[in-house]
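Engineer: Okay, so here is target03.cif, and as you'll see once you scroll down, it has mmCIF, C-alpha atoms.
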data_run
loop_
_atom_site.group_PDB
_atom_site.id
_atom_site.type_symbol
_atom_site.label_atom_id
_atom_site.label_comp_id
_atom_site.auth_asym_id
_atom_site.auth_seq_id
_atom_site.Cartn_x
_atom_site.Cartn_y
_atom_site.Cartn_z
ATOM 1 C CA MET G 128 -26.204 -53.960 -4.594
ATOM 2 C CA SER G 129 -24.374 -56.305 -6.943
ATOM 3 C CA ASP G 130 -23.035 -59.638 -5.691
ATOM 4 C CA THR G 131 -19.741 -58.954 -7.404
ATOM 5 C CA LEU G 132 -18.755 -56.007 -5.188
ATOM 6 C CA PRO G 133 -15.549 -56.432 -3.194
ATOM 7 C CA GLU G 134 -15.586 -57.193 0.533
ATOM 8 C CA LEU G 135 -15.534 -54.251 2.936
ATOM 9 C CA ARG G 136 -12.160 -53.467 4.516
ATOM 10 C CA ASP G 137 -11.722 -53.033 8.291
ATOM 11 C CA GLY G 138 -13.455 -49.871 9.464
ATOM 12 C CA GLU G 139 -15.591 -49.476 6.351
ATOM 13 C CA SER G 140 -19.346 -49.205 6.747
ATOM 14 C CA GLN G 141 -22.442 -49.196 4.591
ATOM 15 C CA LEU G 142 -25.589 -47.147 4.718
ATOM 16 C CA GLU G 143 -28.379 -49.064 6.433
ATOM 17 C CA PHE G 144 -30.603 -48.427 3.428
ATOM 18 C CA ASP G 145 -30.283 -48.344 -0.345
ATOM 19 C CA PRO G 146 -29.781 -44.660 -1.255
ATOM 20 C CA LEU G 147 -31.965 -45.289 -4.316
ATOM 21 C CA GLU G 148 -34.927 -46.421 -2.233
ATOM 22 C CA ARG G 149 -36.027 -42.908 -3.176
ATOM 23 C CA VAL G 150 -35.145 -41.336 -6.553
ATOM 24 C CA ASP G 151 -35.169 -37.533 -6.422
ATOM 25 C CA ALA G 152 -33.836 -36.522 -9.848
ATOM 26 C CA GLU G 153 -32.762 -37.988 -13.153
ATOM 27 C CA LEU G 154 -29.657 -37.590 -15.290
ATOM 28 C CA ARG G 155 -29.080 -37.760 -19.034
ATOM 29 C CA PHE G 156 -25.567 -38.590 -20.254
ATOM 30 C CA ILE G 157 -24.503 -35.902 -22.752
ATOM 31 C CA GLY G 158 -21.457 -37.749 -24.129
ATOM 32 C CA ARG G 159 -18.535 -40.012 -23.324
ATOM 33 C CA ILE G 160 -14.905 -39.511 -22.263
ATOM 34 C CA HIS G 161 -12.325 -41.438 -24.288
ATOM 35 C CA THR G 162 -9.115 -42.281 -22.449
ATOM 36 C CA PRO G 163 -6.246 -44.786 -22.725
ATOM 37 C CA TRP G 164 -7.262 -46.259 -19.354
ATOM 38 C CA GLN G 165 -9.031 -49.452 -18.291
ATOM 39 C CA ARG G 166 -9.457 -50.966 -14.838
ATOM 40 C CA GLY G 167 -5.942 -52.056 -13.848
ATOM 41 C CA ASP G 168 -3.911 -49.380 -15.630
ATOM 42 C CA CYS G 169 -5.788 -46.185 -14.724
ATOM 43 C CA PRO G 170 -3.723 -43.477 -12.979
ATOM 44 C CA LYS G 171 -4.680 -43.014 -9.300
ATOM 45 C CA ASN G 172 -5.432 -39.320 -9.709
ATOM 46 C CA VAL G 173 -5.409 -36.546 -12.278
ATOM 47 C CA THR G 174 -1.885 -35.444 -11.318
ATOM 48 C CA ARG G 175 -0.582 -38.889 -12.307
ATOM 49 C CA ALA G 176 -2.676 -38.776 -15.464
ATOM 50 C CA ARG G 177 -1.092 -35.433 -16.387
ATOM 51 C CA GLU G 178 2.384 -36.864 -15.709
ATOM 52 C CA SER G 179 1.672 -39.760 -18.093
ATOM 53 C CA GLY G 180 1.671 -37.364 -21.044
ATOM 54 C CA GLN G 181 -1.428 -39.148 -22.407
ATOM 55 C CA GLY G 182 -4.238 -36.921 -23.629
ATOM 56 C CA ALA G 183 -7.905 -37.779 -23.766
ATOM 57 C CA SER G 184 -10.997 -36.649 -25.617
ATOM 58 C CA ILE G 185 -14.737 -36.118 -25.296
ATOM 59 C CA THR G 186 -17.469 -36.743 -27.826
ATOM 60 C CA LEU G 187 -20.873 -35.199 -27.232
ATOM 61 C CA GLU G 188 -24.084 -36.887 -28.300
ATOM 62 C CA PRO G 189 -25.970 -35.402 -31.264
ATOM 63 C CA GLY G 190 -27.685 -32.133 -30.394
ATOM 64 C CA PHE G 191 -25.384 -31.045 -27.570
ATOM 65 C CA ALA G 192 -22.451 -29.681 -29.650
ATOM 66 C CA GLU G 193 -24.025 -26.214 -29.990
ATOM 67 C CA GLY G 194 -23.519 -25.853 -26.230
ATOM 68 C CA LEU G 195 -19.754 -25.554 -26.829
ATOM 69 C CA THR G 196 -20.099 -22.195 -28.645
ATOM 70 C CA GLY G 197 -17.797 -19.698 -26.947
ATOM 71 C CA LEU G 198 -15.183 -22.204 -25.761
ATOM 72 C CA SER G 199 -11.690 -22.133 -27.321
ATOM 73 C CA VAL G 200 -8.526 -24.204 -27.421
ATOM 74 C CA GLY G 201 -6.499 -23.353 -24.300
ATOM 75 C CA ASP G 202 -9.535 -22.718 -22.091
ATOM 76 C CA GLY G 203 -9.780 -24.430 -18.714
ATOM 77 C CA ILE G 204 -12.975 -26.416 -18.166
ATOM 78 C CA LEU G 205 -14.531 -28.495 -15.434
ATOM 79 C CA LEU G 206 -15.869 -31.912 -16.397
ATOM 80 C CA PHE G 207 -18.618 -33.552 -14.356
ATOM 81 C CA TYR G 208 -18.827 -37.260 -15.061
ATOM 82 C CA TRP G 209 -20.573 -40.354 -13.753
ATOM 83 C CA MET G 210 -18.690 -43.187 -12.045
ATOM 84 C CA HIS G 211 -21.028 -45.878 -13.300
ATOM 85 C CA GLN G 212 -18.938 -48.689 -11.819
ATOM 86 C CA ALA G 213 -18.849 -47.217 -8.301
ATOM 87 C CA ARG G 214 -20.791 -48.473 -5.295
ATOM 88 C CA ARG G 215 -23.233 -46.049 -3.703
ATOM 89 C CA ASP G 216 -23.696 -47.615 -0.268
ATOM 90 C CA LEU G 217 -20.314 -46.933 1.413
ATOM 91 C CA ILE G 218 -20.516 -44.215 4.088
ATOM 92 C CA THR G 219 -17.057 -44.782 5.596
ATOM 93 C CA GLN G 220 -14.120 -46.053 3.557
ATOM 94 C CA ARG G 221 -10.487 -46.962 4.140
ATOM 95 C CA PRO G 222 -8.249 -46.088 1.183
ATOM 96 C CA ARG G 223 -5.286 -48.462 0.823
ATOM 97 C CA HIS G 224 -2.791 -45.751 1.808
ATOM 98 C CA LYS G 225 -4.616 -44.643 4.995
ATOM 99 C CA PRO G 226 -4.501 -46.369 8.378
ATOM 100 C CA GLU G 227 -8.085 -45.548 9.390
ATOM 101 C CA ALA G 228 -11.458 -45.327 7.740
ATOM 102 C CA GLN G 229 -12.851 -41.886 6.968
ATOM 103 C CA GLY G 230 -16.249 -40.598 5.980
ATOM 104 C CA THR G 231 -17.102 -40.765 2.299
ATOM 105 C CA PHE G 232 -17.561 -36.961 2.254
ATOM 106 C CA ALA G 233 -13.987 -36.496 3.546
ATOM 107 C CA LEU G 234 -12.617 -38.552 0.614
ATOM 108 C CA ARG G 235 -12.398 -38.117 -3.168
ATOM 109 C CA SER G 236 -13.203 -41.825 -3.700
ATOM 110 C CA PRO G 237 -15.491 -42.593 -6.670
ATOM 111 C CA ASN G 238 -17.681 -44.629 -4.296
ATOM 112 C CA ARG G 239 -20.362 -42.291 -2.881
ATOM 113 C CA PRO G 240 -24.165 -41.973 -2.727
ATOM 114 C CA ASN G 241 -24.188 -39.902 -5.944
ATOM 115 C CA PRO G 242 -21.019 -40.927 -7.824
ATOM 116 C CA ILE G 243 -20.355 -37.639 -9.631
ATOM 117 C CA SER G 244 -16.672 -36.935 -10.287
ATOM 118 C CA LEU G 245 -15.027 -33.643 -11.126
ATOM 119 C CA ALA G 246 -11.909 -32.938 -13.186
ATOM 120 C CA ALA G 247 -10.304 -29.622 -14.109
ATOM 121 C CA VAL G 248 -8.719 -29.941 -17.546
ATOM 122 C CA ARG G 249 -7.549 -27.806 -20.451
ATOM 123 C CA ILE G 250 -8.908 -27.900 -24.014
ATOM 124 C CA THR G 251 -6.215 -28.998 -26.509
ATOM 125 C CA SER G 252 -8.398 -29.263 -29.618
ATOM 126 C CA LEU G 253 -11.978 -28.436 -30.483
ATOM 127 C CA ASP G 254 -14.253 -29.522 -33.328
ATOM 128 C CA LEU G 255 -17.495 -27.650 -32.752
ATOM 129 C CA ALA G 256 -19.280 -29.239 -35.715
ATOM 130 C CA ALA G 257 -18.505 -32.770 -34.531
ATOM 131 C CA GLY G 258 -18.939 -32.050 -30.804
ATOM 132 C CA ARG G 259 -15.443 -33.348 -30.142
ATOM 133 C CA ILE G 260 -13.007 -31.878 -27.583
ATOM 134 C CA GLY G 261 -9.394 -32.877 -26.961
ATOM 135 C CA ILE G 262 -8.207 -32.454 -23.345
ATOM 136 C CA ASP G 263 -4.786 -32.586 -21.702
ATOM 137 C CA ALA G 264 -5.360 -35.531 -19.337
ATOM 138 C CA ILE G 265 -7.901 -37.235 -17.080
ATOM 139 C CA ASP G 266 -7.895 -40.205 -14.700
ATOM 140 C CA CYS G 267 -11.066 -42.096 -15.659
ATOM 141 C CA PHE G 268 -11.801 -45.273 -17.584
ATOM 142 C CA ASP G 269 -12.376 -45.193 -21.322
ATOM 143 C CA GLY G 270 -16.068 -44.727 -22.071
ATOM 144 C CA THR G 271 -16.956 -42.890 -18.839
ATOM 145 C CA PRO G 272 -20.299 -41.067 -19.212
ATOM 146 C CA LEU G 273 -20.205 -37.253 -19.195
ATOM 147 C CA LEU G 274 -22.801 -35.148 -17.346
ATOM 148 C CA ASP G 275 -21.711 -31.536 -17.762
ATOM 149 C CA ILE G 276 -19.000 -29.127 -18.906
ATOM 150 C CA LYS G 277 -18.500 -25.730 -17.234
ATOM 151 C CA PRO G 278 -15.870 -23.049 -17.821
ATOM 152 C CA SER G 279 -13.303 -23.132 -15.011
ATOM 153 C CA ALA G 280 -13.324 -20.101 -12.699
ATOM 154 C CA PRO G 281 -10.319 -20.506 -10.381
ATOM 155 C CA ALA G 282 -11.271 -17.471 -8.294
ATOM 156 C CA VAL G 283 -14.472 -19.168 -7.129
ATOM 157 C CA ASP G 284 -13.678 -22.880 -7.523
ATOM 158 C CA VAL G 285 -11.271 -22.758 -4.585
ATOM 159 C CA PRO G 286 -12.564 -22.047 -1.050
ATOM 160 C CA PRO G 287 -11.914 -18.547 0.312
ATOM 161 C CA VAL G 288 -8.848 -18.012 2.470
ATOM 162 C CA GLN G 289 -9.713 -18.295 6.132
ATOM 163 C CA PRO G 290 -10.466 -14.961 7.810
ATOM 164 C CA MET O 300 -41.188 -28.417 -20.150
ATOM 165 C CA SER O 301 -43.317 -26.272 -17.874
ATOM 166 C CA ASP O 302 -45.669 -23.667 -19.333
ATOM 167 C CA THR O 303 -44.425 -21.155 -16.775
ATOM 168 C CA LEU O 304 -40.870 -20.938 -18.140
ATOM 169 C CA PRO O 305 -39.776 -17.479 -19.305
ATOM 170 C CA GLU O 306 -39.569 -16.589 -23.001
ATOM 171 C CA LEU O 307 -36.275 -17.176 -24.779
ATOM 172 C CA ARG O 308 -34.106 -14.075 -25.319
ATOM 173 C CA ASP O 309 -32.634 -13.206 -28.742
ATOM 174 C CA GLY O 310 -29.997 -15.726 -29.735
ATOM 175 C CA GLU O 311 -31.053 -18.341 -27.231
ATOM 176 C CA SER O 312 -31.885 -21.813 -28.477
ATOM 177 C CA GLN O 313 -33.375 -25.026 -27.194
ATOM 178 C CA LEU O 314 -32.462 -28.641 -27.727
ATOM 179 C CA GLU O 315 -34.678 -30.203 -30.378
ATOM 180 C CA PHE O 316 -35.528 -33.000 -27.956
ATOM 181 C CA ASP O 317 -36.280 -33.396 -24.263
ATOM 182 C CA PRO O 318 -32.955 -34.400 -22.656
ATOM 183 C CA LEU O 319 -34.948 -36.714 -20.377
ATOM 184 C CA GLU O 320 -36.419 -38.662 -23.287
ATOM 185 C CA ARG O 321 -33.760 -41.099 -22.060
ATOM 186 C CA VAL O 322 -32.873 -41.424 -18.351
ATOM 187 C CA ASP O 323 -29.364 -42.782 -17.833
ATOM 188 C CA ALA O 324 -28.859 -42.518 -14.057
ATOM 189 C CA GLU O 325 -30.679 -41.573 -10.890
ATOM 190 C CA LEU O 326 -29.873 -39.219 -8.021
ATOM 191 C CA ARG O 327 -30.767 -39.279 -4.341
ATOM 192 C CA PHE O 328 -30.734 -35.979 -2.456
ATOM 193 C CA ILE O 329 -28.561 -36.388 0.668
ATOM 194 C CA GLY O 330 -29.648 -33.184 2.401
ATOM 195 C CA ARG O 331 -30.599 -29.541 1.966
ATOM 196 C CA ILE O 332 -28.744 -26.204 1.931
ATOM 197 C CA HIS O 333 -30.209 -23.501 4.179
ATOM 198 C CA THR O 334 -29.520 -19.927 3.074
ATOM 199 C CA PRO O 335 -30.995 -16.437 3.595
ATOM 200 C CA TRP O 336 -31.838 -16.278 -0.144
ATOM 201 C CA GLN O 337 -35.050 -16.586 -2.124
ATOM 202 C CA ARG O 338 -35.730 -15.822 -5.790
ATOM 203 C CA GLY O 339 -35.388 -12.022 -6.040
ATOM 204 C CA ASP O 340 -32.735 -11.429 -3.367
ATOM 205 C CA CYS O 341 -30.171 -14.151 -4.155
ATOM 206 C CA PRO O 342 -26.602 -12.921 -4.841
ATOM 207 C CA LYS O 343 -25.576 -13.338 -8.499
ATOM 208 C CA ASN O 344 -22.508 -15.413 -7.659
ATOM 209 C CA VAL O 345 -20.584 -16.839 -4.724
ATOM 210 C CA THR O 346 -18.246 -13.827 -4.577
ATOM 211 C CA ARG O 347 -21.243 -11.563 -3.915
ATOM 212 C CA ALA O 348 -22.582 -14.078 -1.407
ATOM 213 C CA ARG O 349 -19.241 -13.990 0.438
ATOM 214 C CA GLU O 350 -19.298 -10.182 0.422
ATOM 215 C CA SER O 351 -22.776 -10.200 2.002
ATOM 216 C CA GLY O 352 -21.317 -11.547 5.241
ATOM 217 C CA GLN O 353 -24.251 -13.988 5.457
ATOM 218 C CA GLY O 354 -23.372 -17.565 6.324
ATOM 219 C CA ALA O 355 -25.352 -20.659 5.391
ATOM 220 C CA SER O 356 -25.728 -24.232 6.594
ATOM 221 C CA ILE O 357 -26.330 -27.776 5.457
ATOM 222 C CA THR O 358 -28.383 -30.496 7.085
ATOM 223 C CA LEU O 359 -27.888 -34.073 5.946
ATOM 224 C CA GLU O 360 -30.704 -36.598 5.878
ATOM 225 C CA PRO O 361 -30.661 -39.368 8.504
ATOM 226 C CA GLY O 362 -27.970 -41.966 7.818
ATOM 227 C CA PHE O 363 -25.560 -39.766 5.885
ATOM 228 C CA ALA O 364 -23.902 -37.920 8.819
ATOM 229 C CA GLU O 365 -21.302 -40.673 9.360
ATOM 230 C CA GLY O 366 -19.893 -39.692 5.971
ATOM 231 C CA LEU O 367 -18.575 -36.442 7.508
ATOM 232 C CA THR O 368 -16.050 -38.276 9.719
ATOM 233 C CA GLY O 369 -12.619 -36.763 9.116
ATOM 234 C CA LEU O 370 -13.824 -33.263 8.188
ATOM 235 C CA SER O 371 -13.045 -30.347 10.551
ATOM 236 C CA VAL O 372 -13.980 -26.713 11.075
ATOM 237 C CA GLY O 373 -11.815 -24.625 8.747
ATOM 238 C CA ASP O 374 -11.622 -27.258 5.992
ATOM 239 C CA GLY O 375 -12.436 -26.291 2.415
ATOM 240 C CA ILE O 376 -15.110 -28.429 0.771
ATOM 241 C CA LEU O 377 -16.842 -28.639 -2.595
ATOM 242 C CA LEU O 378 -20.627 -28.808 -2.584
ATOM 243 C CA PHE O 379 -22.497 -30.387 -5.496
ATOM 244 C CA TYR O 380 -26.139 -29.364 -5.518
ATOM 245 C CA TRP O 381 -29.183 -29.625 -7.724
ATOM 246 C CA MET O 382 -30.788 -26.603 -9.370
ATOM 247 C CA HIS O 383 -34.297 -27.989 -9.207
ATOM 248 C CA GLN O 384 -35.852 -24.808 -10.607
ATOM 249 C CA ALA O 385 -33.613 -24.666 -13.675
ATOM 250 C CA ARG O 386 -34.636 -25.494 -17.224
ATOM 251 C CA ARG O 387 -32.785 -28.319 -18.943
ATOM 252 C CA ASP O 388 -33.508 -27.594 -22.590
ATOM 253 C CA LEU O 389 -31.410 -24.439 -23.255
ATOM 254 C CA ILE O 390 -28.337 -25.144 -25.383
ATOM 255 C CA THR O 391 -27.398 -21.503 -26.055
ATOM 256 C CA GLN O 392 -28.148 -18.689 -23.608
ATOM 257 C CA ARG O 393 -27.707 -14.938 -23.410
ATOM 258 C CA PRO O 394 -26.933 -13.712 -19.902
ATOM 259 C CA ARG O 395 -28.271 -10.207 -19.223
ATOM 260 C CA HIS O 396 -24.773 -8.707 -19.061
ATOM 261 C CA LYS O 397 -23.555 -10.218 -22.372
ATOM 262 C CA PRO O 398 -24.283 -8.918 -25.875
ATOM 263 C CA GLU O 399 -24.385 -12.323 -27.583
ATOM 264 C CA ALA O 400 -25.638 -15.782 -26.813
ATOM 265 C CA GLN O 401 -23.096 -18.431 -25.826
ATOM 266 C CA GLY O 402 -23.222 -22.176 -25.517
ATOM 267 C CA THR O 403 -24.533 -23.544 -22.241
ATOM 268 C CA PHE O 404 -21.208 -25.342 -21.658
ATOM 269 C CA ALA O 405 -19.347 -22.005 -21.927
ATOM 270 C CA LEU O 406 -21.521 -20.518 -19.145
ATOM 271 C CA ARG O 407 -21.983 -21.134 -15.419
ATOM 272 C CA SER O 408 -25.760 -20.634 -15.733
ATOM 273 C CA PRO O 409 -27.922 -22.962 -13.603
ATOM 274 C CA ASN O 410 -29.892 -23.828 -16.769
ATOM 275 C CA ARG O 411 -28.233 -26.880 -18.380
ATOM 276 C CA PRO O 412 -29.093 -30.455 -19.399
ATOM 277 C CA ASN O 413 -27.986 -31.776 -15.993
ATOM 278 C CA PRO O 414 -28.398 -28.832 -13.601
ATOM 279 C CA ILE O 415 -25.623 -29.703 -11.147
ATOM 280 C CA SER O 416 -23.986 -26.694 -9.488
ATOM 281 C CA LEU O 417 -20.656 -26.504 -7.710
ATOM 282 C CA ALA O 418 -19.541 -24.243 -4.849
ATOM 283 C CA ALA O 419 -16.230 -24.125 -3.011
ATOM 284 C CA VAL O 420 -16.872 -23.155 0.617
ATOM 285 C CA ARG O 421 -15.256 -23.333 4.041
ATOM 286 C CA ILE O 422 -16.647 -25.164 7.097
ATOM 287 C CA THR O 423 -17.435 -22.743 9.943
ATOM 288 C CA SER O 424 -19.136 -25.184 12.329
ATOM 289 C CA LEU O 425 -19.700 -28.907 12.410
ATOM 290 C CA ASP O 426 -22.124 -31.087 14.378
ATOM 291 C CA LEU O 427 -21.267 -34.632 13.353
ATOM 292 C CA ALA O 428 -24.023 -36.193 15.459
ATOM 293 C CA ALA O 429 -26.722 -34.021 13.913
ATOM 294 C CA GLY O 430 -25.297 -34.047 10.387
ATOM 295 C CA ARG O 431 -25.202 -30.255 10.398
ATOM 296 C CA ILE O 432 -22.468 -28.113 8.798
ATOM 297 C CA GLY O 433 -22.085 -24.327 8.918
ATOM 298 C CA ILE O 434 -20.440 -22.777 5.839
ATOM 299 C CA ASP O 435 -19.094 -19.296 5.093
ATOM 300 C CA ALA O 436 -21.399 -18.378 2.175
ATOM 301 C CA ILE O 437 -23.191 -19.704 -0.895
ATOM 302 C CA ASP O 438 -25.342 -18.218 -3.662
ATOM 303 C CA CYS O 439 -28.284 -20.618 -3.864
ATOM 304 C CA PHE O 440 -31.914 -20.483 -2.759
ATOM 305 C CA ASP O 441 -32.949 -21.675 0.687
ATOM 306 C CA GLY O 442 -33.843 -25.368 0.567
ATOM 307 C CA THR O 443 -31.640 -26.281 -2.416
ATOM 308 C CA PRO O 444 -31.107 -30.063 -2.576
ATOM 309 C CA LEU O 445 -27.578 -31.350 -1.897
ATOM 310 C CA LEU O 446 -26.004 -34.165 -3.949
ATOM 311 C CA ASP O 447 -22.449 -34.547 -2.658
ATOM 312 C CA ILE O 448 -19.672 -33.105 -0.493
ATOM 313 C CA LYS O 449 -15.991 -33.584 -1.372
ATOM 314 C CA PRO O 450 -12.851 -32.233 0.301
ATOM 315 C CA SER O 451 -11.438 -29.369 -1.769
ATOM 316 C CA ALA O 452 -8.085 -30.069 -3.455
ATOM 317 C CA PRO O 453 -6.956 -26.765 -4.993
ATOM 318 C CA ALA O 454 -3.953 -28.368 -6.693
ATOM 319 C CA VAL O 455 -6.221 -30.504 -8.890
ATOM 320 C CA ASP O 456 -9.478 -28.509 -8.951
ATOM 321 C CA VAL O 457 -7.902 -25.843 -11.151
ATOM 322 C CA PRO O 458 -6.757 -26.676 -14.702
ATOM 323 C CA PRO O 459 -3.018 -27.102 -15.247
ATOM 324 C CA VAL O 460 -1.025 -24.107 -16.447
ATOM 325 C CA GLN O 461 -0.650 -24.146 -20.220
ATOM 326 C CA PRO O 462 2.596 -25.700 -21.450
#
Represent the structure of the file as structure tokens.
Structural biologist:
Amino acid sequence: MSDTLPELRDGESQLEFDPLERVDAELRFIGRIHTPWQRGDCPKNVTRARESGQGASITLEPGFAEGLTGLSVGDGILLFYWMHQARRDLITQRPRHKPEAQGTFALRSPNRPNPISLAAVRITSLDLAAGRIGIDAIDCFDGTPLLDIKPSAPAVDVPPVQP
Amino acid sequence: MSDTLPELRDGESQLEFDPLERVDAELRFIGRIHTPWQRGDCPKNVTRARESGQGASITLEPGFAEGLTGLSVGDGILLFYWMHQARRDLITQRPRHKPEAQGTFALRSPNRPNPISLAAVRITSLDLAAGRIGIDAIDCFDGTPLLDIKPSAPAVDVPPVQP
């Protein structure tokens, strides 16, 4: 991995192999997310981003806009996006606010073997012809690559109540 | 795309280009999902899968199990998995139960430019040493490749209420 990555904190550990020693599937970015945020001023999570009152927007690449047909202003959507600045080799991590390291799959950290992030947002404006969507708020850097948009389905996107 | 793909239905349309004419990022499968389902008997959605009473399980590939540290039986998790049998060129689709075609991004269909699926499930058993997780239910084929596991966070995984 890159020489410019930060040092590991106490309790953090790396995979003993490069997860991309084997490539199993390939992604195409379908657009970009435009936000007010850069490294250094990005809200820590989407709740903070919502509290900031700052909206954001998405532009799709040519050809993909037709895929928005059927969505409307006010709809809830899920955005799947690519954390292209994340490291993929951390298997335990210690967030600054936690005393002990935890497994990557027990954390929402952007650093993970496949750095796909998820955000649930609401559509505030929609230009189908231009492939441009306004959204209420999101906590990612300006220019983050977009992978997918799905309609939100709260009844299934939350785990079932325990029996 | 493959010659064996089904015919398009009325109103369905394809991208005018192969979305993989440009590859922007690469994925590594971290494990597999084991289910009772094959093509032909798979529940239509996770609600039906839950109603079936049939559980499922995940096995992680060697090296990734340490990433489960901090998860427990009873926890809600989000699974990100790869629909390796999906087609990636459909930009409008007409589900069997709908009268008109809709954009791919307005549907939860597995067919999409980046065929990443999401399921919210609950952990029913956990073998950290073996990298094996039991889950309550899921609506995917046996052997589906797994991309990521995140802890569920219902407060942020559902869009905010409209102002």
Engineer: From the set G:Ala183, G:Leu234, G:Leu135, G:Ile262, which residue has the shortest atom-to-atom contact distance to chain O, counting all atoms listed in the file?
Structural biologist: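 Among the listed residues, G:Leu234 lies closest to chain O.
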Engineer: Written as an mmCIF file with C-alpha atoms, in the frame of the given file, what is the full residue list that the PyMOL selection byres ((chain G) within 6 of (chain O)) yields on the file shown?
Structural biologist:
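Output below, filename result14.cif:
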data_model
loop_
_atom_site.group_PDB
_atom_site.id
_atom_site.type_symbol
_atom_site.label_atom_id
_atom_site.label_comp_id
_atom_site.auth_asym_id
_atom_site.auth_seq_id
_atom_site.Cartn_x
_atom_site.Cartn_y
_atom_site.Cartn_z
ATOM 1 C CA VAL G 150 -35.145 -41.336 -6.553
ATOM 2 C CA ASP G 151 -35.169 -37.533 -6.422
ATOM 3 C CA ALA G 152 -33.836 -36.522 -9.848
ATOM 4 C CA GLU G 153 -32.762 -37.988 -13.153
ATOM 5 C CA LEU G 154 -29.657 -37.590 -15.290
ATOM 6 C CA ARG G 155 -29.080 -37.760 -19.034
ATOM 7 C CA GLY G 194 -23.519 -25.853 -26.230
ATOM 8 C CA LEU G 195 -19.754 -25.554 -26.829
ATOM 9 C CA THR G 196 -20.099 -22.195 -28.645
ATOM 10 C CA GLY G 197 -17.797 -19.698 -26.947
ATOM 11 C CA LEU G 198 -15.183 -22.204 -25.761
ATOM 12 C CA GLY G 203 -9.780 -24.430 -18.714
ATOM 13 C CA ILE G 218 -20.516 -44.215 4.088
ATOM 14 C CA THR G 219 -17.057 -44.782 5.596
ATOM 15 C CA GLN G 229 -12.851 -41.886 6.968
ATOM 16 C CA GLY G 230 -16.249 -40.598 5.980
ATOM 17 C CA THR G 231 -17.102 -40.765 2.299
ATOM 18 C CA PHE G 232 -17.561 -36.961 2.254
ATOM 19 C CA ALA G 233 -13.987 -36.496 3.546
ATOM 20 C CA ALA G 247 -10.304 -29.622 -14.109
ATOM 21 C CA VAL G 248 -8.719 -29.941 -17.546
ATOM 22 C CA ARG G 249 -7.549 -27.806 -20.451
ATOM 23 C CA ILE G 276 -19.000 -29.127 -18.906
ATOM 24 C CA LYS G 277 -18.500 -25.730 -17.234
ATOM 25 C CA PRO G 278 -15.870 -23.049 -17.821
ATOM 26 C CA PRO G 281 -10.319 -20.506 -10.381
ATOM 27 C CA ASP G 284 -13.678 -22.880 -7.523
ATOM 28 C CA VAL G 285 -11.271 -22.758 -4.585
ATOM 29 C CA PRO G 286 -12.564 -22.047 -1.050
#
Engineer: Between G:Arg159, G:Lys171, G:Lys225, G:Arg215, which has the minimum distance to G:Arg259 (counting all atoms listed in the file)?
Structural biologist: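 Among the listed residues, the smallest separation from G:Arg259 belongs to G:Arg159.
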Engineer: Can you pull out every residue within 7 Å of G:Ser184, counting all atoms listed in the file, but drop anything in the same chain fewer than 4 positions away, and send it as a PyMOL selection string?
Structural biologist: chain G and resi 160-162+260-262
Engineer: At what distance in Å, to one decimal, does atom CA of O:Cys341 lie from atom CA of O:Thr443?
Structural biologist: 12.3 Å
Engineer: Pull C-alpha atoms for stretch 259-289 of chain G from the block and write them as a PDB file, in the first residue's frame.
Structural biologist:
ATOM      1  CA  ARG G 259     -28.473  15.856 -11.458  1.00  0.00           C
ATOM      2  CA  ILE G 260     -29.938  15.174  -7.989  1.00  0.00           C
ATOM      3  CA  GLY G 261     -29.951  17.481  -4.969  1.00  0.00           C
ATOM      4  CA  ILE G 262     -29.817  15.699  -1.583  1.00  0.00           C
ATOM      5  CA  ASP G 263     -30.325  16.875   1.992  1.00  0.00           C
ATOM      6  CA  ALA G 264     -26.860  16.080   3.392  1.00  0.00           C
ATOM      7  CA  ILE G 265     -23.973  13.607   3.283  1.00  0.00           C
ATOM      8  CA  ASP G 266     -20.657  13.186   5.102  1.00  0.00           C
ATOM      9  CA  CYS G 267     -18.193  12.500   2.272  1.00  0.00           C
ATOM     10  CA  PHE G 268     -15.513  14.519   0.517  1.00  0.00           C
ATOM     11  CA  ASP G 269     -16.324  16.581  -2.548  1.00  0.00           C
ATOM     12  CA  GLY G 270     -15.826  14.513  -5.691  1.00  0.00           C
ATOM     13  CA  THR G 271     -16.464  11.100  -4.091  1.00  0.00           C
ATOM     14  CA  PRO G 272     -17.230   8.486  -6.778  1.00  0.00           C
ATOM     15  CA  LEU G 273     -20.770   7.066  -6.857  1.00  0.00           C
ATOM     16  CA  LEU G 274     -21.478   3.360  -7.450  1.00  0.00           C
ATOM     17  CA  ASP G 275     -25.238   2.947  -7.130  1.00  0.00           C
ATOM     18  CA  ILE G 276     -28.554   4.524  -6.138  1.00  0.00           C
ATOM     19  CA  LYS G 277     -31.428   2.435  -4.739  1.00  0.00           C
ATOM     20  CA  PRO G 278     -34.834   3.487  -3.420  1.00  0.00           C
ATOM     21  CA  SER G 279     -34.845   3.323   0.384  1.00  0.00           C
ATOM     22  CA  ALA G 280     -37.069   0.617   1.889  1.00  0.00           C
ATOM     23  CA  PRO G 281     -37.035   1.184   5.663  1.00  0.00           C
ATOM     24  CA  ALA G 282     -39.038  -1.975   6.354  1.00  0.00           C
ATOM     25  CA  VAL G 283     -36.225  -4.157   5.005  1.00  0.00           C
ATOM     26  CA  ASP G 284     -33.138  -1.955   5.435  1.00  0.00           C
ATOM     27  CA  VAL G 285     -33.259  -2.384   9.208  1.00  0.00           C
ATOM     28  CA  PRO G 286     -32.663  -5.825  10.785  1.00  0.00           C
ATOM     29  CA  PRO G 287     -35.753  -7.652  12.066  1.00  0.00           C
ATOM     30  CA  VAL G 288     -36.642  -7.302  15.731  1.00  0.00           C
ATOM     31  CA  GLN G 289     -35.228 -10.166  17.739  1.00  0.00           C
TER      32      GLN G 289
END
